[in-house]
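Data from query24.tsv: TSV, C-alpha atoms
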```
chain	number	residue	atom	x	y	z
A	1	MET	CA	8.47	8.24	-12.24
A	2	ALA	CA	5.41	9.68	-13.98
A	3	VAL	CA	3.50	12.51	-12.33
A	4	PRO	CA	-0.27	12.60	-12.92
A	5	PRO	CA	-1.64	15.81	-14.44
A	6	SER	CA	-3.73	17.94	-12.10
A	7	LEU	CA	-6.76	20.19	-12.28
A	8	ALA	CA	-7.29	23.48	-10.45
A	9	LEU	CA	-10.28	23.59	-8.13
A	10	SER	CA	-12.20	26.86	-8.01
A	11	ASP	CA	-10.41	27.92	-4.80
A	12	GLY	CA	-6.96	27.37	-6.32
A	13	VAL	CA	-6.18	23.98	-4.77
A	14	ARG	CA	-4.84	21.56	-7.38
A	15	ILE	CA	-6.03	17.95	-7.42
A	16	PRO	CA	-4.32	15.06	-9.25
A	17	GLN	CA	-6.48	13.70	-12.06
A	18	LEU	CA	-5.75	10.16	-10.93
A	19	LEU	CA	-6.47	9.33	-7.30
A	20	PHE	CA	-6.05	6.00	-5.57
A	21	GLY	CA	-9.31	4.91	-3.93
A	22	VAL	CA	-9.81	2.46	-1.09
A	23	ALA	CA	-13.61	2.13	-0.86
A	24	GLY	CA	-14.65	-1.50	-0.45
A	25	LEU	CA	-11.28	-2.70	0.84
A	26	THR	CA	-10.76	-4.22	4.29
A	27	ALA	CA	-8.37	-2.54	6.72
A	28	ALA	CA	-5.68	-5.12	5.96
A	29	GLU	CA	-6.20	-4.75	2.21
A	30	THR	CA	-6.18	-0.97	2.49
A	31	GLY	CA	-2.78	-0.72	4.13
A	32	ARG	CA	-1.15	-3.07	1.64
A	33	ALA	CA	-2.88	-1.44	-1.34
A	34	VAL	CA	-1.84	2.08	-0.33
A	35	ARG	CA	1.77	1.00	0.11
A	36	ILE	CA	1.73	-0.55	-3.38
A	37	ALA	CA	0.20	2.64	-4.77
A	38	LEU	CA	2.90	4.75	-3.13
A	39	ASP	CA	5.62	2.56	-4.62
A	40	THR	CA	3.92	2.87	-8.02
A	41	GLY	CA	3.91	6.67	-7.89
A	42	TYR	CA	0.47	7.64	-6.62
A	43	ARG	CA	0.42	10.68	-4.36
A	44	GLY	CA	-3.33	11.36	-4.35
A	45	PHE	CA	-5.55	9.24	-2.09
A	46	ASP	CA	-9.35	9.20	-1.76
A	47	THR	CA	-10.33	7.70	1.59
A	48	ALA	CA	-13.68	6.31	2.72
A	49	PRO	CA	-15.16	6.40	6.24
A	50	GLY	CA	-13.51	3.68	8.30
A	51	THR	CA	-10.38	3.44	6.16
A	52	GLU	CA	-8.58	6.50	7.47
A	53	ALA	CA	-6.46	4.77	10.12
A	54	ALA	CA	-5.14	2.18	7.67
A	55	VAL	CA	-4.42	4.87	5.08
A	56	GLY	CA	-2.73	7.07	7.68
A	57	ASP	CA	-0.48	4.25	8.84
A	58	ALA	CA	0.51	3.43	5.25
A	59	LEU	CA	1.26	7.08	4.45
A	60	ALA	CA	3.28	7.69	7.62
A	61	GLY	CA	6.74	8.91	6.75
A	62	VAL	CA	5.84	10.39	3.36
A	63	PRO	CA	6.35	14.19	3.37
A	64	ARG	CA	2.92	15.75	3.77
A	65	GLU	CA	3.54	18.29	1.02
A	66	GLU	CA	3.89	15.43	-1.49
A	67	LEU	CA	0.41	14.07	-0.77
A	68	PHE	CA	-3.16	14.94	-1.70
A	69	VAL	CA	-5.61	13.34	0.74
A	70	SER	CA	-9.39	13.47	0.51
A	71	VAL	CA	-11.85	12.52	3.27
A	72	LYS	CA	-15.62	12.02	3.27
A	73	VAL	CA	-18.22	12.98	5.86
A	74	PRO	CA	-21.83	11.70	5.57
A	75	ALA	CA	-24.71	14.17	5.74
A	76	GLN	CA	-25.50	14.07	9.45
A	77	GLY	CA	-25.84	17.59	10.82
A	78	TYR	CA	-23.44	20.26	12.04
A	79	ASP	CA	-22.01	18.92	15.29
A	80	THR	CA	-21.84	15.27	14.25
A	81	ALA	CA	-20.12	16.23	10.99
A	82	ARG	CA	-17.51	18.31	12.83
A	83	ARG	CA	-16.72	15.39	15.13
A	84	ALA	CA	-16.58	12.93	12.22
A	85	ALA	CA	-14.15	15.15	10.32
A	86	ASP	CA	-11.93	15.62	13.37
A	87	GLN	CA	-11.87	11.85	13.93
A	88	ALA	CA	-10.99	11.22	10.27
A	89	LEU	CA	-8.08	13.67	10.41
A	90	ALA	CA	-6.81	12.19	13.66
A	91	ALA	CA	-6.96	8.67	12.20
A	92	LEU	CA	-5.08	9.87	9.11
A	93	GLN	CA	-2.46	11.48	11.38
A	94	VAL	CA	-2.73	14.83	9.56
A	95	GLU	CA	-3.61	18.30	10.73
A	96	GLN	CA	-5.33	19.21	7.46
A	97	ALA	CA	-7.06	17.35	4.62
A	98	ASP	CA	-6.67	18.63	1.09
A	99	LEU	CA	-10.32	17.95	0.27
A	100	CYS	CA	-13.36	17.10	2.38
A	101	LEU	CA	-16.48	15.77	0.67
A	102	LEU	CA	-20.03	15.93	1.95
A	103	ASP	CA	-21.01	12.36	1.09
A	104	GLY	CA	-24.64	11.83	0.11
A	105	THR	CA	-27.83	13.86	-0.04
A	106	LYS	CA	-29.89	12.15	2.65
A	107	GLY	CA	-30.23	13.81	6.02
A	108	ALA	CA	-29.24	17.34	7.00
A	109	PHE	CA	-26.84	17.99	4.18
A	110	THR	CA	-27.03	21.79	4.30
A	111	ASP	CA	-26.11	21.79	8.01
A	112	THR	CA	-23.31	19.34	7.27
A	113	TRP	CA	-22.08	21.63	4.50
A	114	ARG	CA	-21.92	24.54	6.93
A	115	ALA	CA	-19.84	22.39	9.28
A	116	LEU	CA	-17.39	21.52	6.51
A	117	SER	CA	-17.22	25.15	5.42
A	118	ARG	CA	-16.31	26.05	8.99
A	119	LEU	CA	-13.56	23.43	8.95
A	120	ARG	CA	-12.17	25.09	5.83
A	121	ALA	CA	-12.30	28.51	7.49
A	122	ASP	CA	-10.45	27.06	10.48
A	123	GLY	CA	-7.74	25.60	8.24
A	124	ARG	CA	-8.65	21.97	8.94
A	125	VAL	CA	-9.41	21.30	5.26
A	126	ARG	CA	-8.16	23.12	2.17
A	127	ALA	CA	-11.22	22.61	-0.05
A	128	VAL	CA	-14.80	21.39	0.33
A	129	GLY	CA	-16.85	19.43	-2.18
A	130	VAL	CA	-19.66	16.89	-2.37
A	131	ALA	CA	-20.22	13.29	-3.47
A	132	GLY	CA	-23.30	11.76	-5.05
A	133	PHE	CA	-25.11	15.02	-5.81
A	134	GLY	CA	-27.36	15.53	-8.84
A	135	VAL	CA	-28.28	18.87	-10.38
A	136	SER	CA	-31.35	19.35	-8.16
A	137	GLU	CA	-29.38	18.65	-4.97
A	138	LEU	CA	-26.60	20.98	-6.07
A	139	ARG	CA	-29.14	23.73	-6.71
A	140	ARG	CA	-30.66	23.22	-3.27
A	141	LEU	CA	-27.26	23.38	-1.60
A	142	ILE	CA	-26.15	26.47	-3.51
A	143	ASP	CA	-29.47	28.25	-2.93
A	144	ALA	CA	-29.47	27.42	0.79
A	145	THR	CA	-25.85	28.28	1.56
A	146	GLY	CA	-24.70	30.61	-1.21
A	147	ALA	CA	-21.61	28.43	-1.68
A	148	VAL	CA	-20.60	26.33	-4.67
A	149	PRO	CA	-18.78	23.03	-4.05
A	150	VAL	CA	-15.38	22.81	-5.72
A	151	LEU	CA	-15.94	19.17	-6.79
A	152	ASN	CA	-18.68	16.58	-7.10
A	153	GLN	CA	-17.71	12.89	-7.04
A	154	VAL	CA	-20.28	10.73	-8.82
A	155	GLU	CA	-20.67	7.53	-10.77
A	156	LEU	CA	-19.19	8.37	-14.16
A	157	HIS	CA	-17.82	6.18	-16.93
A	158	PRO	CA	-18.26	5.72	-20.71
A	159	TRP	CA	-21.57	3.91	-20.17
A	160	LEU	CA	-22.83	6.76	-17.94
A	161	GLN	CA	-21.26	10.00	-19.11
A	162	GLN	CA	-23.55	12.33	-17.10
A	163	LEU	CA	-23.53	15.09	-19.72
A	164	PRO	CA	-26.26	17.33	-18.19
A	165	LEU	CA	-24.58	17.13	-14.77
A	166	ARG	CA	-21.15	17.84	-16.24
A	167	GLU	CA	-22.55	20.81	-18.13
A	168	PHE	CA	-23.96	22.17	-14.86
A	169	HIS	CA	-20.57	21.63	-13.24
A	170	ALA	CA	-18.79	23.47	-16.06
A	171	GLU	CA	-21.14	26.45	-15.78
A	172	ARG	CA	-20.34	26.81	-12.08
A	173	GLY	CA	-16.69	25.84	-11.98
A	174	ILE	CA	-17.26	22.47	-10.28
A	175	VAL	CA	-14.72	19.74	-11.05
A	176	THR	CA	-16.21	16.32	-11.84
A	177	ALA	CA	-14.71	13.23	-10.19
A	178	ALA	CA	-15.53	9.63	-11.13
A	179	SER	CA	-15.96	7.16	-8.28
A	180	SER	CA	-16.35	4.16	-10.60
A	181	PRO	CA	-14.32	5.05	-13.70
A	182	ALA	CA	-14.55	1.59	-15.29
A	183	ALA	CA	-18.12	0.74	-14.16
A	184	ASN	CA	-16.79	-1.59	-11.47
A	185	THR	CA	-14.66	-3.38	-14.12
A	186	GLY	CA	-17.69	-3.97	-16.35
A	187	LEU	CA	-16.23	-1.82	-19.13
A	188	LEU	CA	-13.07	-3.89	-19.26
A	189	ALA	CA	-14.93	-6.50	-21.32
A	190	ASP	CA	-16.72	-3.99	-23.58
A	191	GLU	CA	-15.98	-4.79	-27.24
A	192	THR	CA	-15.33	-1.18	-28.18
A	193	VAL	CA	-12.93	-0.70	-25.28
A	194	THR	CA	-11.08	-3.95	-25.95
A	195	ALA	CA	-10.73	-3.02	-29.63
A	196	LEU	CA	-9.20	0.33	-28.67
A	197	ALA	CA	-6.90	-1.43	-26.24
A	198	ALA	CA	-5.60	-3.61	-29.07
A	199	LYS	CA	-5.20	-0.59	-31.34
A	200	TYR	CA	-3.11	1.36	-28.82
A	201	GLY	CA	-1.26	-1.58	-27.32
A	202	LYS	CA	-2.78	-0.79	-23.92
A	203	THR	CA	-5.13	-2.58	-21.54
A	204	PRO	CA	-8.88	-1.87	-21.42
A	205	ALA	CA	-8.45	-0.22	-18.00
A	206	GLN	CA	-5.82	2.12	-19.40
A	207	ILE	CA	-8.10	3.10	-22.29
A	208	VAL	CA	-10.96	3.94	-19.91
A	209	LEU	CA	-8.77	5.92	-17.51
A	210	ARG	CA	-7.16	7.81	-20.39
A	211	TRP	CA	-10.65	8.78	-21.57
A	212	HIS	CA	-11.32	10.26	-18.13
A	213	LEU	CA	-8.14	12.33	-18.24
A	214	GLN	CA	-9.00	13.71	-21.68
A	215	ALA	CA	-12.54	14.46	-20.49
A	216	ASP	CA	-11.03	16.68	-17.76
A	217	THR	CA	-12.43	14.57	-14.96
A	218	VAL	CA	-10.72	13.17	-11.87
A	219	ALA	CA	-10.67	9.37	-11.85
A	220	VAL	CA	-10.64	7.46	-8.56
A	221	ALA	CA	-8.99	4.13	-9.38
A	222	ALA	CA	-9.22	1.44	-6.71
A	223	SER	CA	-7.39	-1.87	-6.71
A	224	ALA	CA	-6.09	-4.42	-4.22
A	225	THR	CA	-3.56	-5.97	-6.63
A	226	THR	CA	-0.08	-4.84	-7.60
A	227	THR	CA	-0.60	-5.60	-11.29
A	228	ARG	CA	-3.82	-3.59	-11.63
A	229	THR	CA	-2.48	-0.70	-9.54
A	230	ARG	CA	0.57	-0.36	-11.78
A	231	GLU	CA	-1.54	-0.85	-14.89
A	232	ASN	CA	-3.88	1.97	-13.85
A	233	PHE	CA	-0.92	4.29	-13.41
A	234	GLY	CA	0.44	3.63	-16.90
A	235	ILE	CA	-1.75	6.12	-18.76
A	236	PHE	CA	0.48	9.16	-19.14
A	237	ASP	CA	2.45	8.16	-22.24
A	238	PHE	CA	-0.34	8.17	-24.84
A	239	GLU	CA	-3.50	10.00	-25.90
A	240	LEU	CA	-6.71	8.85	-27.54
A	241	ALA	CA	-7.25	10.37	-30.97
A	242	GLU	CA	-10.29	12.58	-31.53
A	243	ASP	CA	-12.06	9.98	-33.66
A	244	ASP	CA	-11.55	7.38	-30.93
A	245	LEU	CA	-12.92	9.76	-28.31
A	246	ALA	CA	-15.99	10.06	-30.53
A	247	VAL	CA	-16.28	6.27	-30.58
A	248	VAL	CA	-16.19	6.15	-26.77
A	249	ALA	CA	-18.82	8.91	-26.61
A	250	GLU	CA	-21.23	6.58	-28.42
A	251	LEU	CA	-21.03	4.07	-25.55
A	252	ASP	CA	-23.20	6.29	-23.32
A	253	ASN	CA	-26.32	4.21	-22.60
A	254	GLY	CA	-27.26	5.23	-19.06
A	255	THR	CA	-26.04	2.03	-17.40
A	256	ARG	CA	-25.49	2.42	-13.65
A	257	VAL	CA	-23.53	-0.02	-11.54
```

How would this structure read if it were set down as structure tokens?
Amino acid sequence: MAVPPSLALSDGVRIPQLLFGVAGLTAAETGRAVRIALDTGYRGFDTAPGTEAAVGDALAGVPREELFVSVKVPAQGYDTARRAADQALAALQVEQADLCLLDGTKGAFTDTWRALSRLRADGRVRAVGVAGFGVSELRRLIDATGAVPVLNQVELHPWLQQLPLREFHAERGIVTAASSPAANTGLLADETVTALAAKYGKTPAQIVLRWHLQADTVAVAASATTTRTRENFGIFDFELAEDDLAVVAELDNGTRV
């Protein structure tokens, strides 16, 4: 069974470059989807608020050391964030999350960050990052707390390559994660992507996810179907040539989904 490559976060924790995401799935869909992902070979899971219990039930019985589990906590202040994180861990049936993300920039996000940093100090989470932050919000957080997130999960795909943000990340050792690696499936019909899929004998989704791996980003691939889940995992036996990476780079047009 293939093992996804991983990236080192700035604090030494390693994160798989391909995570299975469950955002947008119902509780019933989540449990089934996670079990399919486990059977396929996924060991990294990106949860969303409200999905933790279904994910925890599906992961029960898998040795904890084999898993990478990420949780999200909305910006909501110190005490509320601490309670939300504790509830997420309890629902997941784990003592410690591998990554906890401060999700969103509205509200008291610096106080929420301090709560998550305390959770890391207490051993409740191994690493702390953010989701949905731009350069200005990252600067505010770093200036206010003196701490640099290990990861920022944002909308990122060939139509929206976020080069200034990724440059800022690279300067400060922040790993970039893509929450919508195929632009919510929009890219799967893109003529350039479909042409590359034909050239490599792969599917459009595999071309897009392979681009993410070679761009040194973490891709969060979500699916409720067995076929797509297995398809998304089949990206470790080929590489895009440099000239084809250049072709994909030209797709950047600022489209957000």

Surrounding residues of Leu160 in chain A excluding itself and chain neighbours under 5 positions, 8 Å, all atoms listed in the file, as a list of chain:residue names: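 Those residues are A:Glu155, A:Asp252, A:Asn253, A:Gly254, A:Thr255, A:Arg256.
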
Only C-alpha atoms, please: the residues just picked out, written as an mmCIF file, in the coordinates of the input.
```
data_model
loop_
_atom_site.group_PDB
_atom_site.id
_atom_site.type_symbol
_atom_site.label_atom_id
_atom_site.label_comp_id
_atom_site.auth_asym_id
_atom_site.auth_seq_id
_atom_site.Cartn_x
_atom_site.Cartn_y
_atom_site.Cartn_z
ATOM 1 C CA GLU A 155 -20.670 7.530 -10.770
ATOM 2 C CA ASP A 252 -23.200 6.290 -23.320
ATOM 3 C CA ASN A 253 -26.320 4.210 -22.600
ATOM 4 C CA GLY A 254 -27.260 5.230 -19.060
ATOM 5 C CA THR A 255 -26.040 2.030 -17.400
ATOM 6 C CA ARG A 256 -25.490 2.420 -13.650
#
```

Spatial neighbours of range 25-30 of chain A, max dist 9 Å, all atoms listed in the file, sep filter under 4 positions, as JSON, numbers by chain: {"A": [34, 35, 50, 51, 53, 54, 55, 58, 222, 223, 224]}

Residues from last step as file, C-alpha atoms, as a CSV table (one decimal), in the coordinates of the input:
```
chain,number,residue,atom,x,y,z
A,34,VAL,CA,-1.8,2.1,-0.3
A,35,ARG,CA,1.8,1.0,0.1
A,50,GLY,CA,-13.5,3.7,8.3
A,51,THR,CA,-10.4,3.4,6.2
A,53,ALA,CA,-6.5,4.8,10.1
A,54,ALA,CA,-5.1,2.2,7.7
A,55,VAL,CA,-4.4,4.9,5.1
A,58,ALA,CA,0.5,3.4,5.2
A,222,ALA,CA,-9.2,1.4,-6.7
A,223,SER,CA,-7.4,-1.9,-6.7
A,224,ALA,CA,-6.1,-4.4,-4.2
```

- request: Tell me which protein, DNA and RNA residues are within 12 Å of Tyr42 in chain A, counting all atoms listed in the file, leaving out same-chain ones fewer than 6 positions away, and put them as a list in words.
  value: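 Contacts, in chain order: Met1, Ala2, Val3, Pro4, Pro5, Pro16, Gln17, Leu18, Leu19, Phe20, Gly21, Ala33, Val34, Arg35, Ile36, Leu59, Val62, Glu66, Leu67, Phe68, Val69, Val220, Ala221, Ala222, Thr229, Arg230, Asn232, Phe233 and Gly234 of chain A.
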
field: Contacts of Trp113 in chain A at 12 Å (only C-alpha atoms; same-chain gap of 5+ positions) as a count of residues only
entry: 38

query: Hey, which of A:Ala195, A:Ala121, A:Ala48, A:Ala183 ends up closest to Ala219 in chain A? Count all atoms listed in the file.
result: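 When distances to Ala219 in chain A are compared using all atoms listed in the file, the smallest one comes from A:Ala183.
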
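Atom to atom, CA of Ala97 in chain A and CA of Ser70 in chain A stand 6.1 Å apart.
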
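Across the structure, CA of Leu196 in chain A and CA of Ala37 in chain A are spaced 25.8 Å apart.
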
- prompt: Can you tell me, as a VMD selection string, what residues are no more than 8 Å from Ala88 in chain A when counting only C-alpha atoms, ignoring any on the same chain fewer than 5 positions away?
  reply: chain A and resid 49 52 to 53 71

message: Report, in Å to a single decimal, how far apart CA of Thr40 in chain A and CA of Glu231 in chain A are.
response: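 Between CA of Glu231 in chain A and CA of Thr40 in chain A the gap works out to 9.5 Å.
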
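The nearest approach to Asn152 in chain A among the residues A:Thr176, A:Asn184, A:Ser117, A:Ser10, with only C-alpha atoms taken into account, belongs to A:Thr176.
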